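Reproduced below: final.cif, with mmCIF, C-alpha atoms.
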```cif
data_model
loop_
_atom_site.group_PDB
_atom_site.id
_atom_site.type_symbol
_atom_site.label_atom_id
_atom_site.label_comp_id
_atom_site.auth_asym_id
_atom_site.auth_seq_id
_atom_site.Cartn_x
_atom_site.Cartn_y
_atom_site.Cartn_z
ATOM 1 C CA MET U 1 71.183 49.949 150.284
ATOM 2 C CA SER U 2 72.989 51.784 153.017
ATOM 3 C CA ARG U 3 74.790 55.058 152.674
ATOM 4 C CA VAL U 4 78.455 54.908 153.615
ATOM 5 C CA ARG U 5 80.962 57.736 153.857
ATOM 6 C CA VAL U 6 84.659 57.008 153.737
ATOM 7 C CA LEU U 7 87.134 59.648 154.880
ATOM 8 C CA ILE U 8 90.632 59.223 153.493
ATOM 9 C CA ARG U 9 93.537 61.170 154.952
ATOM 10 C CA PRO U 10 97.279 61.256 154.443
ATOM 11 C CA LYS U 11 98.918 58.997 157.028
ATOM 12 C CA ALA U 12 100.633 60.690 159.949
ATOM 13 C CA GLY U 13 104.236 61.341 158.984
ATOM 14 C CA ILE U 14 103.535 61.391 155.241
ATOM 15 C CA LEU U 15 104.237 64.791 153.770
ATOM 16 C CA ASP U 16 100.943 66.609 153.132
ATOM 17 C CA PRO U 17 101.883 69.559 150.933
ATOM 18 C CA GLN U 18 98.247 70.403 150.230
ATOM 19 C CA GLY U 19 97.535 70.699 153.947
ATOM 20 C CA GLN U 20 100.642 72.843 154.386
ATOM 21 C CA ALA U 21 99.661 75.117 151.512
ATOM 22 C CA VAL U 22 96.170 75.637 152.957
ATOM 23 C CA GLU U 23 97.669 76.258 156.401
ATOM 24 C CA ARG U 24 99.919 78.951 154.946
ATOM 25 C CA ALA U 25 97.101 80.518 152.935
ATOM 26 C CA LEU U 26 94.678 80.997 155.841
ATOM 27 C CA PRO U 27 96.693 83.634 157.766
ATOM 28 C CA ALA U 28 97.074 85.559 154.521
ATOM 29 C CA LEU U 29 93.285 86.013 154.616
ATOM 30 C CA GLY U 30 93.324 87.057 158.248
ATOM 31 C CA PHE U 31 92.477 83.631 159.735
ATOM 32 C CA GLU U 32 95.068 83.367 162.489
ATOM 33 C CA GLY U 33 95.431 80.556 164.998
ATOM 34 C CA VAL U 34 95.033 77.608 162.624
ATOM 35 C CA GLY U 35 97.342 74.585 162.759
ATOM 36 C CA ASN U 36 97.627 70.932 161.715
ATOM 37 C CA VAL U 37 95.682 71.342 158.476
ATOM 38 C CA HIS U 38 95.334 68.140 156.467
ATOM 39 C CA VAL U 39 93.600 67.703 153.136
ATOM 40 C CA GLY U 40 91.981 64.362 152.361
ATOM 41 C CA ARG U 41 89.134 62.909 150.340
ATOM 42 C CA LEU U 42 85.524 62.043 151.043
ATOM 43 C CA VAL U 43 83.959 59.130 149.171
ATOM 44 C CA GLU U 44 80.209 58.601 149.521
ATOM 45 C CA LEU U 45 78.620 55.394 148.312
ATOM 46 C CA ASP U 46 75.413 53.387 148.527
ATOM 47 C CA VAL U 47 76.180 49.737 149.142
ATOM 48 C CA GLU U 48 74.129 46.578 149.526
ATOM 49 C CA ASP U 49 76.692 44.977 151.811
ATOM 50 C CA ALA U 50 78.483 47.432 154.095
ATOM 51 C CA ALA U 51 80.681 44.610 155.390
ATOM 52 C CA ARG U 52 82.602 44.747 152.131
ATOM 53 C CA VAL U 53 83.539 48.412 152.447
ATOM 54 C CA PRO U 54 86.806 47.821 154.377
ATOM 55 C CA GLU U 55 88.020 45.605 151.529
ATOM 56 C CA MET U 56 87.046 48.294 149.005
ATOM 57 C CA CYS U 57 89.089 50.758 151.043
ATOM 58 C CA GLU U 58 92.131 48.486 151.166
ATOM 59 C CA LYS U 59 92.027 47.603 147.473
ATOM 60 C CA LEU U 60 90.946 50.771 145.736
ATOM 61 C CA LEU U 61 89.576 53.715 147.691
ATOM 62 C CA SER U 62 92.763 54.289 149.680
ATOM 63 C CA ASN U 63 96.419 53.393 149.331
ATOM 64 C CA PRO U 64 97.247 51.940 152.763
ATOM 65 C CA LEU U 65 100.936 52.779 152.271
ATOM 66 C CA ILE U 66 100.267 56.503 152.403
ATOM 67 C CA GLU U 67 96.660 56.949 153.556
ATOM 68 C CA ASP U 68 94.409 56.079 156.485
ATOM 69 C CA TYR U 69 90.683 55.600 156.019
ATOM 70 C CA GLU U 70 87.745 55.953 158.345
ATOM 71 C CA ILE U 71 84.339 54.451 157.549
ATOM 72 C CA GLN U 72 81.271 56.306 158.827
ATOM 73 C CA MET Y 1 113.061 41.720 119.954
ATOM 74 C CA LYS Y 2 109.621 43.261 120.318
ATOM 75 C CA PHE Y 3 108.502 45.875 122.844
ATOM 76 C CA GLY Y 4 104.893 46.359 123.858
ATOM 77 C CA VAL Y 5 103.795 49.816 124.969
ATOM 78 C CA VAL Y 6 100.539 50.013 126.916
ATOM 79 C CA ARG Y 7 97.938 52.611 125.996
ATOM 80 C CA PHE Y 8 95.429 53.527 128.708
ATOM 81 C CA PRO Y 9 92.740 56.165 128.300
ATOM 82 C CA GLY Y 10 94.728 59.254 129.270
ATOM 83 C CA SER Y 11 98.188 57.984 128.308
ATOM 84 C CA CYS Y 12 100.135 60.641 126.431
ATOM 85 C CA ASP Y 13 103.727 59.395 126.096
ATOM 86 C CA GLU Y 14 103.069 56.047 124.476
ATOM 87 C CA VAL Y 15 103.982 57.314 121.008
ATOM 88 C CA ASP Y 16 107.365 58.670 122.117
ATOM 89 C CA ALA Y 17 107.959 55.378 123.928
ATOM 90 C CA LEU Y 18 107.162 53.517 120.680
ATOM 91 C CA VAL Y 19 109.580 55.738 118.760
ATOM 92 C CA ALA Y 20 112.329 55.118 121.323
ATOM 93 C CA ALA Y 21 111.685 51.369 121.369
ATOM 94 C CA ARG Y 22 111.755 51.255 117.547
ATOM 95 C CA ARG Y 23 115.297 52.654 117.635
ATOM 96 C CA VAL Y 24 116.367 49.296 119.025
ATOM 97 C CA GLY Y 25 113.733 46.780 117.922
ATOM 98 C CA GLU Y 26 110.129 46.284 116.931
ATOM 99 C CA ALA Y 27 107.376 47.799 119.018
ATOM 100 C CA GLU Y 28 103.611 47.830 119.110
ATOM 101 C CA LEU Y 29 100.828 49.238 121.239
ATOM 102 C CA LEU Y 30 99.029 47.101 123.798
ATOM 103 C CA TRP Y 31 95.449 48.138 124.532
ATOM 104 C CA HIS Y 32 94.577 48.468 128.231
ATOM 105 C CA GLY Y 33 91.307 46.594 127.759
ATOM 106 C CA ASP Y 34 92.881 43.507 126.173
ATOM 107 C CA ALA Y 35 94.313 40.851 128.463
ATOM 108 C CA ASP Y 36 96.881 40.088 125.774
ATOM 109 C CA LEU Y 37 100.570 40.994 125.587
ATOM 110 C CA LYS Y 38 100.768 39.832 121.925
ATOM 111 C CA GLY Y 39 103.915 37.837 122.614
ATOM 112 C CA VAL Y 40 106.148 40.858 123.250
ATOM 113 C CA ASP Y 41 109.547 40.435 124.913
ATOM 114 C CA ALA Y 42 109.416 43.560 127.076
ATOM 115 C CA VAL Y 43 106.627 45.834 128.296
ATOM 116 C CA ILE Y 44 106.679 49.603 128.765
ATOM 117 C CA VAL Y 45 103.984 51.269 130.865
ATOM 118 C CA PRO Y 46 104.204 54.855 129.594
ATOM 119 C CA GLY Y 47 103.613 58.303 130.997
ATOM 120 C CA GLY Y 48 100.408 60.261 130.985
ATOM 121 C CA PHE Y 49 97.309 60.602 133.095
ATOM 122 C CA SER Y 50 95.661 57.193 132.944
ATOM 123 C CA TYR Y 51 91.957 57.408 133.788
ATOM 124 C CA GLY Y 52 92.396 61.129 134.397
ATOM 125 C CA ASP Y 53 94.421 60.426 137.551
ATOM 126 C CA TYR Y 54 91.032 59.946 139.240
ATOM 127 C CA LEU Y 55 91.061 58.827 142.864
ATOM 128 C CA ARG Y 56 94.883 58.550 142.993
ATOM 129 C CA VAL Y 57 97.471 58.453 140.247
ATOM 130 C CA GLY Y 58 97.632 54.939 138.816
ATOM 131 C CA ALA Y 59 94.922 53.587 141.131
ATOM 132 C CA ILE Y 60 92.373 52.688 138.455
ATOM 133 C CA ALA Y 61 94.829 51.710 135.700
ATOM 134 C CA ARG Y 62 96.132 49.072 138.039
ATOM 135 C CA PHE Y 63 92.918 47.080 137.513
ATOM 136 C CA ALA Y 64 92.899 47.259 133.701
ATOM 137 C CA PRO Y 65 92.692 43.821 132.034
ATOM 138 C CA VAL Y 66 96.193 44.213 130.548
ATOM 139 C CA MET Y 67 97.683 44.694 134.021
ATOM 140 C CA GLY Y 68 96.889 41.130 135.136
ATOM 141 C CA GLU Y 69 98.915 39.888 132.165
ATOM 142 C CA ILE Y 70 101.734 42.307 132.983
ATOM 143 C CA GLU Y 71 101.821 41.072 136.594
ATOM 144 C CA ARG Y 72 102.131 37.467 135.378
ATOM 145 C CA PHE Y 73 104.764 38.490 132.805
ATOM 146 C CA ALA Y 74 106.782 40.261 135.510
ATOM 147 C CA ALA Y 75 106.491 37.263 137.833
ATOM 148 C CA ARG Y 76 108.037 35.105 135.086
ATOM 149 C CA GLY Y 77 110.964 37.533 134.902
ATOM 150 C CA GLY Y 78 109.743 39.489 131.871
ATOM 151 C CA PRO Y 79 111.202 43.001 131.586
ATOM 152 C CA VAL Y 80 108.712 45.711 132.600
ATOM 153 C CA PHE Y 81 109.523 49.431 132.613
ATOM 154 C CA GLY Y 82 107.163 52.013 134.083
ATOM 155 C CA ILE Y 83 107.870 55.620 133.153
ATOM 156 C CA CYS Y 84 106.287 58.474 135.136
ATOM 157 C CA ASN Y 85 102.573 57.531 135.270
ATOM 158 C CA GLY Y 86 103.749 53.996 134.468
ATOM 159 C CA PHE Y 87 105.921 54.068 137.604
ATOM 160 C CA GLN Y 88 102.872 55.208 139.580
ATOM 161 C CA VAL Y 89 100.824 52.338 138.119
ATOM 162 C CA LEU Y 90 103.509 49.753 138.984
ATOM 163 C CA CYS Y 91 103.583 51.023 142.585
ATOM 164 C CA GLU Y 92 99.790 50.830 142.854
ATOM 165 C CA ALA Y 93 99.975 47.281 141.454
ATOM 166 C CA HIS Y 94 102.557 46.422 144.147
ATOM 167 C CA LEU Y 95 105.087 45.385 141.526
ATOM 168 C CA LEU Y 96 107.289 48.062 143.120
ATOM 169 C CA PRO Y 97 107.259 49.309 146.723
ATOM 170 C CA GLY Y 98 106.313 52.806 147.864
ATOM 171 C CA ALA Y 99 104.071 55.398 146.258
ATOM 172 C CA LEU Y 100 104.285 58.610 144.242
ATOM 173 C CA THR Y 101 102.586 61.636 145.761
ATOM 174 C CA ARG Y 102 102.068 65.328 145.071
ATOM 175 C CA ASN Y 103 105.315 67.236 144.501
ATOM 176 C CA SER Y 104 106.377 68.776 147.810
ATOM 177 C CA HIS Y 105 106.167 72.295 146.318
ATOM 178 C CA LEU Y 106 102.767 71.524 144.719
ATOM 179 C CA HIS Y 107 103.865 72.743 141.287
ATOM 180 C CA PHE Y 108 103.914 70.717 138.105
ATOM 181 C CA ARG Y 109 107.578 70.604 137.135
ATOM 182 C CA CYS Y 110 108.814 70.233 133.557
ATOM 183 C CA LYS Y 111 112.571 70.513 133.087
ATOM 184 C CA ASP Y 112 115.726 68.784 131.961
ATOM 185 C CA GLN Y 113 116.924 66.906 135.031
ATOM 186 C CA ALA Y 114 120.345 65.536 135.924
ATOM 187 C CA LEU Y 115 120.338 61.994 137.317
ATOM 188 C CA ARG Y 116 122.974 59.711 138.754
ATOM 189 C CA ILE Y 117 122.610 56.092 137.698
ATOM 190 C CA GLU Y 118 122.992 54.044 140.884
ATOM 191 C CA ASN Y 119 122.412 50.497 139.686
ATOM 192 C CA ASN Y 120 123.392 48.870 136.394
ATOM 193 C CA ALA Y 121 122.373 45.362 137.429
ATOM 194 C CA THR Y 122 118.795 45.709 136.146
ATOM 195 C CA VAL Y 123 117.791 44.645 132.636
ATOM 196 C CA TRP Y 124 116.825 48.271 131.893
ATOM 197 C CA THR Y 125 120.083 49.919 133.055
ATOM 198 C CA SER Y 126 122.806 47.390 132.234
ATOM 199 C CA GLY Y 127 124.258 49.682 129.552
ATOM 200 C CA TYR Y 128 125.115 52.470 132.011
ATOM 201 C CA GLU Y 129 128.170 52.798 134.208
ATOM 202 C CA VAL Y 130 127.314 53.101 137.898
ATOM 203 C CA GLY Y 131 127.720 56.774 138.753
ATOM 204 C CA ALA Y 132 126.981 57.925 135.212
ATOM 205 C CA ARG Y 133 125.312 61.334 134.902
ATOM 206 C CA ALA Y 134 122.300 61.349 132.592
ATOM 207 C CA VAL Y 135 120.213 64.378 131.644
ATOM 208 C CA ILE Y 136 116.600 63.354 131.089
ATOM 209 C CA PRO Y 137 113.402 65.445 131.171
ATOM 210 C CA VAL Y 138 111.032 65.228 134.125
ATOM 211 C CA LYS Y 139 107.446 66.408 133.802
ATOM 212 C CA ASN Y 140 105.161 65.546 136.649
ATOM 213 C CA GLY Y 141 102.898 66.906 139.343
ATOM 214 C CA GLU Y 142 102.981 63.773 141.489
ATOM 215 C CA GLY Y 143 106.542 62.546 141.375
ATOM 216 C CA CYS Y 144 107.440 62.678 145.045
ATOM 217 C CA PHE Y 145 108.513 59.149 145.967
ATOM 218 C CA VAL Y 146 107.512 58.138 149.491
ATOM 219 C CA ALA Y 147 107.914 54.956 151.504
ATOM 220 C CA ASP Y 148 108.402 54.197 155.179
ATOM 221 C CA GLU Y 149 111.936 54.323 156.579
ATOM 222 C CA ARG Y 150 112.187 50.546 156.759
ATOM 223 C CA THR Y 151 111.350 50.219 153.051
ATOM 224 C CA LEU Y 152 113.777 52.997 152.131
ATOM 225 C CA ASP Y 153 116.567 51.343 154.137
ATOM 226 C CA MET Y 154 115.783 48.001 152.504
ATOM 227 C CA LEU Y 155 115.907 49.560 149.012
ATOM 228 C CA GLU Y 156 119.273 51.167 149.798
ATOM 229 C CA ALA Y 157 120.715 48.026 151.413
ATOM 230 C CA GLN Y 158 119.712 45.896 148.425
ATOM 231 C CA GLY Y 159 120.960 48.459 145.911
ATOM 232 C CA ARG Y 160 117.478 48.862 144.472
ATOM 233 C CA VAL Y 161 117.634 52.615 143.933
ATOM 234 C CA VAL Y 162 118.202 52.738 140.174
ATOM 235 C CA ALA Y 163 118.624 56.495 139.737
ATOM 236 C CA ARG Y 164 118.751 59.549 141.970
ATOM 237 C CA TYR Y 165 118.131 63.228 141.243
ATOM 238 C CA ILE Y 166 121.314 65.284 141.425
ATOM 239 C CA GLU Y 167 121.897 69.027 141.183
ATOM 240 C CA GLY Y 168 118.516 69.626 142.865
ATOM 241 C CA SER Y 169 115.351 67.563 143.304
ATOM 242 C CA PRO Y 170 112.363 68.449 141.120
ATOM 243 C CA ASN Y 171 109.729 67.054 143.485
ATOM 244 C CA GLY Y 172 110.966 66.430 147.031
ATOM 245 C CA SER Y 173 111.309 62.641 146.654
ATOM 246 C CA MET Y 174 112.610 60.875 149.734
ATOM 247 C CA ARG Y 175 116.372 60.327 149.473
ATOM 248 C CA ASP Y 176 116.226 61.965 146.031
ATOM 249 C CA ILE Y 177 114.927 58.729 144.519
ATOM 250 C CA ALA Y 178 114.087 59.009 140.811
ATOM 251 C CA GLY Y 179 113.734 55.299 140.085
ATOM 252 C CA ILE Y 180 113.740 51.902 141.748
ATOM 253 C CA THR Y 181 113.727 48.236 140.794
ATOM 254 C CA ASN Y 182 112.175 45.064 142.161
ATOM 255 C CA GLU Y 183 114.373 42.467 143.804
ATOM 256 C CA ARG Y 184 114.937 40.535 140.599
ATOM 257 C CA GLY Y 185 115.919 43.579 138.525
ATOM 258 C CA ASN Y 186 113.372 42.968 135.744
ATOM 259 C CA VAL Y 187 110.816 45.573 136.836
ATOM 260 C CA VAL Y 188 111.991 49.188 136.929
ATOM 261 C CA GLY Y 189 110.052 52.391 137.587
ATOM 262 C CA LEU Y 190 111.478 55.800 136.733
ATOM 263 C CA MET Y 191 109.883 59.220 137.122
ATOM 264 C CA PRO Y 192 111.892 61.065 134.405
ATOM 265 C CA HIS Y 193 111.239 60.313 130.731
ATOM 266 C CA PRO Y 194 114.111 58.592 128.901
ATOM 267 C CA GLU Y 195 111.898 58.267 125.801
ATOM 268 C CA HIS Y 196 112.139 62.071 125.464
ATOM 269 C CA ALA Y 197 115.953 61.937 125.541
ATOM 270 C CA ILE Y 198 116.903 59.659 122.678
ATOM 271 C CA ASP Y 199 118.138 62.225 120.192
ATOM 272 C CA GLU Y 200 119.943 65.535 120.659
ATOM 273 C CA LEU Y 201 117.785 67.012 117.894
ATOM 274 C CA THR Y 202 114.637 66.790 120.016
ATOM 275 C CA GLY Y 203 115.806 66.282 123.596
ATOM 276 C CA PRO Y 204 118.395 67.642 126.018
ATOM 277 C CA SER Y 205 120.633 64.621 125.350
ATOM 278 C CA ALA Y 206 120.521 61.105 123.976
ATOM 279 C CA ASP Y 207 121.218 59.707 127.439
ATOM 280 C CA GLY Y 208 117.822 58.019 127.670
ATOM 281 C CA ILE Y 209 118.240 55.577 124.805
ATOM 282 C CA THR Y 210 120.445 53.392 127.022
ATOM 283 C CA PHE Y 211 117.356 52.207 128.929
ATOM 284 C CA PHE Y 212 116.072 50.734 125.678
ATOM 285 C CA THR Y 213 119.372 49.335 124.389
ATOM 286 C CA SER Y 214 120.046 47.789 127.811
ATOM 287 C CA VAL Y 215 117.009 45.537 127.648
ATOM 288 C CA LEU Y 216 117.878 44.419 124.121
ATOM 289 C CA LYS Y 217 121.380 43.482 125.272
ATOM 290 C CA ALA Y 218 120.002 41.676 128.329
ATOM 291 C CA LEU Y 219 117.560 39.642 126.222
ATOM 292 C CA VAL Y 220 120.183 38.746 123.616
ATOM 293 C CA ALA Y 221 122.560 37.632 126.381
ATOM 294 C CA ALA Y 222 119.842 35.532 128.083
#
```
Kindly return the structure encoded in the file as structure tokens.
Amino acid sequence: MSRVRVLIRPKAGILDPQGQAVERALPALGFEGVGNVHVGRLVELDVEDAARVPEMCEKLLSNPLIEDYEIQ
Amino acid sequence: MKFGVVRFPGSCDEVDALVAARRVGEAELLWHGDADLKGVDAVIVPGGFSYGDYLRVGAIARFAPVMGEIERFAARGGPVFGICNGFQVLCEAHLLPGALTRNSHLHFRCKDQALRIENNATVWTSGYEVGARAVIPVKNGEGCFVADERTLDMLEAQGRVVARYIEGSPNGSMRDIAGITNERGNVVGLMPHPEHAIDELTGPSADGITFFTSVLKALVAA
């Protein structure tokens, strides 16, 4: 089994209201100088065949219309 | 005619959908785990939070055994109507283009919403006049319709926007889209809930019942 981490992010150009809300909240706590905040998802999985992970990403773990994924 | 209303774990509007469907015909529940549409003439994928909205709204429901049957039914021209979470499921299943994402203001929004009916050439909207104003409740946290510009332009050019939010958008949907149809006009997805607007006693209007009477008329005419 190998451990795989998949990072899933909103695609560039797709509205990311969660990222915007976090970006607005940080200065309110005194954290200035923060920009381009995006909120995504991390999926960790143990797999027997890591070659199948891209297909898992395309079919279930991400929605390619609105999200990009990165396999680590 | 007979409607089938799907029940997933986490559905919550299937009973209202049954009540609405029974105003115009027979209706029964279809269990998500059964690959069997029980010979129904039209399928409603109702609102709710199928599979707890885990991963993404509609993402897991899309692979339920009943969905394979619904995809085949739709491909044969069978009428399929996805309401709210049902719309999200139909997008995830690629029966409709685009996706539904978190409301732009991040709040869950529950209100009576004015819509403009843009297309009465679908089996689910044939009873409306184009341009009709309908007041139908919306209640969603992830109702913001998104698609790339090319898809949006294609939907507009082909007249596939079924309904648009007017008098203010509840969720930031691109081009104020509240509902769309597939090319053939037999599959429709709508974010607001017409099954909650079938009687002035319990809803803001009875404007929603026309979705259900439309499909009856279309099937009788066919």
When the PyMOL selection byres ((chain Y) within 8 of (chain U)) is applied to the structure above, which residues does it catch, written out as a ChimeraX atom specification? /Y:55,59-60,92,98-99,102-106,146-147
Selected residues written out with C-alpha atoms, as a PDB file, keeping the file's coordinate frame:
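What ended up in result29.pdb:
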```
ATOM      1  CA  LEU Y  55      91.061  58.827 142.864  1.00  0.00           C
ATOM      2  CA  ALA Y  59      94.922  53.587 141.131  1.00  0.00           C
ATOM      3  CA  ILE Y  60      92.373  52.688 138.455  1.00  0.00           C
ATOM      4  CA  GLU Y  92      99.790  50.830 142.854  1.00  0.00           C
ATOM      5  CA  GLY Y  98     106.313  52.806 147.864  1.00  0.00           C
ATOM      6  CA  ALA Y  99     104.071  55.398 146.258  1.00  0.00           C
ATOM      7  CA  ARG Y 102     102.068  65.328 145.071  1.00  0.00           C
ATOM      8  CA  ASN Y 103     105.315  67.236 144.501  1.00  0.00           C
ATOM      9  CA  SER Y 104     106.377  68.776 147.810  1.00  0.00           C
ATOM     10  CA  HIS Y 105     106.167  72.295 146.318  1.00  0.00           C
ATOM     11  CA  LEU Y 106     102.767  71.524 144.719  1.00  0.00           C
ATOM     12  CA  VAL Y 146     107.512  58.138 149.491  1.00  0.00           C
ATOM     13  CA  ALA Y 147     107.914  54.956 151.504  1.00  0.00           C
TER      14      ALA Y 147
END
```
Which is closest to Y:Asn140 among Y:Asn186, Y:Gln88, Y:Thr181, Y:Thr122, if we use all atoms listed in the file?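 Going through Y:Asn186, Y:Gln88, Y:Thr181, Y:Thr122 one by one, the smallest distance to Y:Asn140 is for Y:Gln88.
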Given the PyMOL selection byres ((chain Y and resi 101) around 6), the residues it picks as a VMD selection string: chain Y and resid 100 102 142 to 144
Hey, what's within 7 Å of stretch 204-211 of chain Y if we count all atoms listed in the file and toss same-chain stuff fewer than 4 positions away? As a PyMOL selection string, please? chain Y and resi 20+112+124-125+127-128+134-136+194-195+197-200+215
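Taking atom CA of U:Gly33 as the reference point, atom CA of Y:Gly172 is found at 27.6 Å.
Distances here use only C-alpha atoms; by that measure, the residue among U:Leu45, U:Val39, U:Ala50, U:Leu29 closest to U:Arg9 is U:Val39.
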For the provided coordinates, the residues matched by the PyMOL selection byres ((chain Y and resi 11) around 10) should be stated as a list in words. Val6, Arg7, Phe8, Pro9, Gly10, Cys12, Asp13, Glu14, Val15, Val45, Pro46, Gly47, Gly48, Phe49, Ser50, Tyr51, Gly52, Asn85 and Gly86 of chain Y
Y:Cys84, Y:Val161, Y:Leu216, Y:Ala222: which is nearest Y:Asn182, counting only C-alpha atoms? Y:Val161
Between atom CA of Y:Leu115 and atom CA of Y:Phe81, what is the distance in Å, rounded to a tenth? 17.2 Å
I'd like the interatomic distance between atom CA of U:Ile71 and atom CA of U:Glu55, to a tenth of an Å.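 Separation of atom CA of U:Ile71 and atom CA of U:Glu55: 11.3 Å.
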Nearest to Y:Ile180 among Y:Cys91, Y:Asp148, Y:Ser126, Y:Thr213, with distances taken over all atoms listed in the file: which residue is it?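 Between Y:Cys91, Y:Asp148, Y:Ser126, Y:Thr213, the residue approaching Y:Ile180 most closely is Y:Cys91.
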Excluding same-chain residues fewer than 6 positions from Y:Ala42, what lies within 8 Å of it counting all atoms listed in the file, as a JSON list (two decimals) with C-alpha atoms, in the coordinates of the input?
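Output (around30.json):
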```json
[["chain", "number", "residue", "atom", "x", "y", "z"],
["Y", 2, "LYS", "CA", 109.62, 43.26, 120.32],
["Y", 3, "PHE", "CA", 108.50, 45.88, 122.84],
["Y", 4, "GLY", "CA", 104.89, 46.36, 123.86],
["Y", 78, "GLY", "CA", 109.74, 39.49, 131.87],
["Y", 79, "PRO", "CA", 111.20, 43.00, 131.59],
["Y", 80, "VAL", "CA", 108.71, 45.71, 132.60],
["Y", 215, "VAL", "CA", 117.01, 45.54, 127.65]]
```
Centre and edge lengths of an axis-aligned box around all listed atoms of stretch 39-47 of chain Y, with 6 Å added on each side, are to be given in Å to one decimal, as JSON.
```
{"center_x": 106.6, "center_y": 48.1, "center_z": 126.8, "size_x": 17.9, "size_y": 32.5, "size_z": 20.4}
```
